[in-house]
Amino acid sequence: MSRRFTRQLEDGPRDMTVSTRKATRRNPFEILLETLVRVAGYSAVVFVALIFVFLMREALPTFNEIETDELFNRRWYPIEDYFGILPLLFGSLVITLGAALIAIPFGLMTAVYIAEIAPRWLRELLKPLVEVLGGIPSVVLGFLGILVLAPLIRRILHVPTGLTAFTGAVLLAGMAIPTIVSVAEDALDTVPKAYRDAALALGATHWQTIWRVTLPAARSGVLTATMLGIGRAIGETMTVMMVTGNAPQIPAGLNALFMPLRTMTATIAAEMGEVASGSVHYHVLFTIGLTLFLISLAVNLTASAVLFRARRRAERLLS
Amino acid sequence: MHLSRYQTERIAFVAIGVAALLTVAPIIIVVGAIFVYGADAISWEFLVEMPRNGMRSGGIWPAIVGTASLALGTGLISVPLGLGAAIYLSEYARDSAWTRAIRLAIVNLAGIPSVVYGLFGLGLFVLFLKLGSSIAAACLTLSIMTLPVIISTAEEALRAVPQSFRVVSIGMGGTRWQTIRRIVLPQALPGILTGVILGLERAAGETAPILFTGAAFFLPRLPSSVFDQTMALPYHLFVISTQVPGMPIQIQYGTAAVLLTFVLAMNVLAASVRSWQRRKRQW
């Protein structure tokens, strides 16, 4: 899917030629259909706006009900009215960072392997396999995480519980990898063959061509791939809720990765079902949702901007 | 030690090959393990019976029906809307600031976390429009979530139809809509279908968006209308693997296997539509 919207950003809409535009006869039926189709087109903008409005509607009362600095408390314990979202931000950050550290190298290397190294038959086999990984529902990954990965991690690392941030990071990496592979592979695929031919003709080895020519030429696509992958990881809910132990705490030091943590997404999913609508807790949960929405907006806008700049540059180079 | 560039190449390729293997092997193991362990639990009774004894025995029929009806309902809303949007973007829209805004909106919709869709569905459909926690609210929420997948794939399919097809149709006196309806859409149909299947696959596997909009923890009967809550396979798997103590492991694996079959079957369907498209394509 991500591959498709990359392409969407890259292609401008195609104009019909002037002659076909004028040749069209106008009758009421056509005008009606055109209007319907146009409304459907604009619906995407409407939905983004609606999502923003409805998150704001339920989130804004928070700031009347509690002091803003209470939100930046280090304690999340809603039953006693402690609404500090710092531990949740911290949990999301650590787990996403861990997932990125695993997913980026593995994802990019797999993309390079599929696009540049693997023989054709293997490529036709690997691409659908990675797609299958992208299609596995997050609860199924979480289920296996509880049953297989967590006990394994507990035994190998000798920690009291296997439900740690690290367990979540590993599974989230699995969810981010398909996005990274497909977007990066797509970017590598669009590097003109002439670049590779020129490098090989100059005597470069296959690896030198990949490392010094193909990858740099595809760097904006590769950057977009990593950003979209990370975006996917921040927003993941069910898997992290099932395997990260859900303890809202901020442990110091590096071993934070091997302790139970809790993310923003998991907090919403776990607690929204039990709060009274209209309560402070309810509004704070919407505030967390709004924060997630803004983060995803920022990630996607940046990714789009990178792609857009790359397209401009490519146009300049080619003209 | 100085490595020759050929040695560097060999080391790099081995490392990349190992990384690719480490990425792909777990997928096969994961899918294989679930089917192997799940196979023991799956029987005709498991599929078509109501859950009994606090879900610890009996079947998962209401969850299967629930997930199927959620996917169907989502399709009924998101396919016309997504297809319309794709037709607009590919056939009508000119390159303007508004069109760019639509594209940006689609990219952003695709990136919004699923749990945020759940909050939005709760705020708009469940509470503001007073649909309550129901199949209707869940389908509407899932529809908006799947919209970007359907729009992007359908638009790509429409754009792949060569411009000359349109020019000929218009040259023969066809109107714009006739051209789209009789020439462009039939040619793009397989690509559109692929997108629809992938979109619904995502809807069928998601849990977070239906958590507060229509999923029932335990409901040992089939939903009677779209304003009823429903059980759903992904949520059911979540419930029985984390919320119910003393749950037989068999039933958990069985449920996971059924859900995975559901999703992978759609994956295979999408892949075969794609290869059918390649064979039948007229350009």
# chains A, B, ... in the order shown; residues from 1 in each chain; ligands from 1

call {"tool": "residues_around", "arguments": {"residues": "segment 189-206 of chain A", "least_positions_apart": "4", "cutoff": "10 Å", "atoms": "only C-alpha atoms", "output": "MDAnalysis selection string"}}
result
(chainID A and resid 111:112 114:117 183:185 210:218 221) or (chainID B and resid 5:6 8:10 13)

call {"tool": "write_last_selection", "arguments": {"atoms": "N, CA and C atoms", "output": "CSV table (one decimal), in the first residue's frame"}}
result
chain,number,residue,atom,x,y,z
A,111,ALA,N,15.4,-5.1,1.2
A,111,ALA,CA,15.0,-4.4,0.0
A,111,ALA,C,16.2,-4.5,-1.1
A,112,VAL,N,17.4,-4.2,-0.6
A,112,VAL,CA,18.5,-4.3,-1.5
A,112,VAL,C,18.7,-5.7,-2.1
A,114,ILE,N,16.3,-8.0,-2.5
A,114,ILE,CA,15.3,-8.3,-3.5
A,114,ILE,C,15.4,-7.5,-4.8
A,115,ALA,N,15.8,-6.2,-4.6
A,115,ALA,CA,15.8,-5.4,-5.8
A,115,ALA,C,17.1,-5.6,-6.7
A,116,GLU,N,18.2,-5.8,-6.0
A,116,GLU,CA,19.5,-5.8,-6.7
A,116,GLU,C,20.2,-7.1,-6.8
A,117,ILE,N,20.1,-8.0,-5.9
A,117,ILE,CA,20.9,-9.2,-5.8
A,117,ILE,C,20.2,-10.5,-6.2
A,183,VAL,N,8.5,0.1,0.1
A,183,VAL,CA,8.8,1.5,-0.4
A,183,VAL,C,10.2,1.6,-0.9
A,184,ALA,N,11.2,1.0,-0.1
A,184,ALA,CA,12.6,1.1,-0.5
A,184,ALA,C,12.9,0.3,-1.8
A,185,GLU,N,12.2,-0.8,-1.9
A,185,GLU,CA,12.4,-1.6,-3.1
A,185,GLU,C,11.9,-0.9,-4.3
A,210,ILE,N,26.0,-0.8,-6.1
A,210,ILE,CA,24.9,-0.7,-5.2
A,210,ILE,C,25.2,0.4,-4.2
A,211,TRP,N,26.4,0.3,-3.5
A,211,TRP,CA,26.7,1.2,-2.4
A,211,TRP,C,26.9,2.6,-2.8
A,212,ARG,N,27.6,2.8,-4.0
A,212,ARG,CA,28.0,4.2,-4.3
A,212,ARG,C,27.1,4.8,-5.4
A,213,VAL,N,26.3,4.0,-6.1
A,213,VAL,CA,25.5,4.6,-7.2
A,213,VAL,C,24.0,4.4,-6.9
A,214,THR,N,23.6,3.1,-6.8
A,214,THR,CA,22.1,2.9,-6.7
A,214,THR,C,21.5,3.5,-5.5
A,215,LEU,N,22.1,3.1,-4.3
A,215,LEU,CA,21.6,3.6,-3.0
A,215,LEU,C,21.5,5.1,-2.9
A,216,PRO,N,22.7,5.8,-3.2
A,216,PRO,CA,22.6,7.3,-3.2
A,216,PRO,C,21.5,7.8,-4.1
A,217,ALA,N,21.4,7.2,-5.3
A,217,ALA,CA,20.4,7.7,-6.2
A,217,ALA,C,19.0,7.5,-5.7
A,218,ALA,N,18.8,6.5,-4.9
A,218,ALA,CA,17.4,6.2,-4.4
A,218,ALA,C,17.2,6.8,-3.0
A,221,GLY,N,13.8,8.0,-1.6
A,221,GLY,CA,12.9,7.0,-1.4
A,221,GLY,C,13.2,6.1,-0.2
B,5,ARG,N,38.4,-5.2,-3.2
B,5,ARG,CA,37.0,-4.8,-3.4
B,5,ARG,C,36.2,-6.1,-3.7
B,6,TYR,N,36.8,-7.1,-4.1
B,6,TYR,CA,36.0,-8.4,-4.4
B,6,TYR,C,35.7,-9.0,-3.1
B,8,THR,N,35.4,-7.3,-0.2
B,8,THR,CA,34.3,-6.5,0.4
B,8,THR,C,33.0,-6.9,-0.2
B,9,GLU,N,33.0,-7.1,-1.5
B,9,GLU,CA,31.7,-7.5,-2.1
B,9,GLU,C,31.1,-8.7,-1.5
B,10,ARG,N,32.0,-9.7,-1.4
B,10,ARG,CA,31.6,-11.0,-0.9
B,10,ARG,C,31.0,-10.9,0.5
B,13,PHE,N,27.7,-9.1,0.4
B,13,PHE,CA,26.6,-9.9,-0.1
B,13,PHE,C,26.1,-11.0,0.9

call {"tool": "residues_around", "arguments": {"residues": "Ala298 of chain A", "least_positions_apart": "4", "cutoff": "12 Å", "atoms": "only C-alpha atoms", "output": "PyMOL selection string"}}
result
(chain A and resi 227-228+231+291-294+302-305) or (chain B and resi 104+107-108+111-112)

call {"tool": "select_by_dssp", "arguments": {"residues": "segment 82-262 of chain B", "states": "alpha helix (DSSP H)", "output": "PyMOL selection string"}}
result
chain B and resi 82-87+97-111+114-121+135-160+163-171+176-178+185-205+233-242+249-262

call {"tool": "atom_distance", "arguments": {"atom1": "atom CA of Leu127 of chain B", "atom2": "atom CA of Arg57 of chain A"}}
result
12.0 Å

call {"tool": "atom_distance", "arguments": {"atom1": "atom CA of Cys139 of chain B", "atom2": "atom CA of Glu58 of chain A"}}
result
21.6 Å

call {"tool": "select_by_dssp", "arguments": {"residues": "segment 38-178 of chain B", "states": "strand (DSSP E or B)", "output": "count of residues only"}}
result
4

call {"tool": "closest_residue", "arguments": {"among": "A:Asn64, A:Asn73, A:Asn300, A:Ser220", "to": "chain B", "atoms": "only C-alpha atoms"}}
result
A:Asn300

call {"tool": "residues_around", "arguments": {"residues": "Glu274 of chain A", "least_positions_apart": "5", "cutoff": "12 Å", "atoms": "only C-alpha atoms", "output": "ChimeraX atom specification"}}
result
/A:78-79,267-269,279,281-282,285 /B:211-212

call {"tool": "write_last_selection", "arguments": {"atoms": "C-alpha atoms", "output": "CSV table (one decimal), in the first residue's frame"}}
result
chain,number,residue,atom,x,y,z
A,78,PRO,CA,-5.8,7.8,36.6
A,79,ILE,CA,-7.6,6.3,39.5
A,267,THR,CA,-3.1,3.2,27.1
A,268,ILE,CA,-6.0,4.4,24.9
A,269,ALA,CA,-6.9,0.9,23.8
A,279,SER,CA,-14.8,12.3,32.6
A,281,HIS,CA,-9.8,10.5,32.3
A,282,TYR,CA,-11.8,10.3,29.1
A,285,LEU,CA,-7.2,9.8,26.6
B,211,LEU,CA,-12.6,-1.8,20.1
B,212,PHE,CA,-14.9,1.0,21.2

call {"tool": "residues_around", "arguments": {"residues": "Ala68 of chain B", "least_positions_apart": "3", "cutoff": "12 Å", "atoms": "only C-alpha atoms", "output": "number ranges by chain"}}
result
B: 61-65, 71-75, 135, 139, 200-201, 203-205, 222-223, 230-234, 259, 262-263, 266

call {"tool": "atom_distance", "arguments": {"atom1": "atom CA of Gly254 of chain B", "atom2": "atom CA of Val240 of chain A"}}
result
22.1 Å

call {"tool": "decode", "arguments": {"residues": "segment 141-177 of chain A", "atoms": "C-alpha atoms", "output": "mmCIF file, in the first residue's frame"}}
result
data_model
loop_
_atom_site.group_PDB
_atom_site.id
_atom_site.type_symbol
_atom_site.label_atom_id
_atom_site.label_comp_id
_atom_site.auth_asym_id
_atom_site.auth_seq_id
_atom_site.Cartn_x
_atom_site.Cartn_y
_atom_site.Cartn_z
ATOM 1 C CA LEU A 141 1.659 -11.273 16.131
ATOM 2 C CA GLY A 142 0.826 -10.259 19.688
ATOM 3 C CA PHE A 143 -0.568 -13.721 20.391
ATOM 4 C CA LEU A 144 2.656 -15.370 19.227
ATOM 5 C CA GLY A 145 4.606 -12.762 21.156
ATOM 6 C CA ILE A 146 2.956 -13.822 24.394
ATOM 7 C CA LEU A 147 3.257 -17.518 23.690
ATOM 8 C CA VAL A 148 6.658 -17.857 22.049
ATOM 9 C CA LEU A 149 8.775 -14.717 22.036
ATOM 10 C CA ALA A 150 8.199 -13.547 25.627
ATOM 11 C CA PRO A 151 9.151 -16.868 27.307
ATOM 12 C CA LEU A 152 12.170 -17.056 25.005
ATOM 13 C CA ILE A 153 13.343 -13.562 25.936
ATOM 14 C CA ARG A 154 12.786 -14.242 29.629
ATOM 15 C CA ARG A 155 14.958 -17.327 29.508
ATOM 16 C CA ILE A 156 17.724 -15.885 27.327
ATOM 17 C CA LEU A 157 18.049 -12.550 29.131
ATOM 18 C CA HIS A 158 17.242 -13.824 32.642
ATOM 19 C CA VAL A 159 14.721 -11.060 33.285
ATOM 20 C CA PRO A 160 11.761 -11.505 35.638
ATOM 21 C CA THR A 161 9.209 -11.170 32.847
ATOM 22 C CA GLY A 162 9.400 -11.600 29.100
ATOM 23 C CA LEU A 163 6.776 -8.923 28.540
ATOM 24 C CA THR A 164 9.239 -6.082 27.972
ATOM 25 C CA ALA A 165 9.726 -3.116 25.694
ATOM 26 C CA PHE A 166 12.226 -5.223 23.763
ATOM 27 C CA THR A 167 9.623 -7.897 23.005
ATOM 28 C CA GLY A 168 7.344 -5.188 21.673
ATOM 29 C CA ALA A 169 10.174 -3.644 19.656
ATOM 30 C CA VAL A 170 10.970 -6.951 17.942
ATOM 31 C CA LEU A 171 7.346 -7.516 16.939
ATOM 32 C CA LEU A 172 6.875 -3.904 15.874
ATOM 33 C CA ALA A 173 9.950 -4.250 13.694
ATOM 34 C CA GLY A 174 8.129 -7.141 12.038
ATOM 35 C CA MET A 175 5.201 -4.836 11.333
ATOM 36 C CA ALA A 176 7.361 -1.992 10.034
ATOM 37 C CA ILE A 177 9.564 -4.159 7.804
#
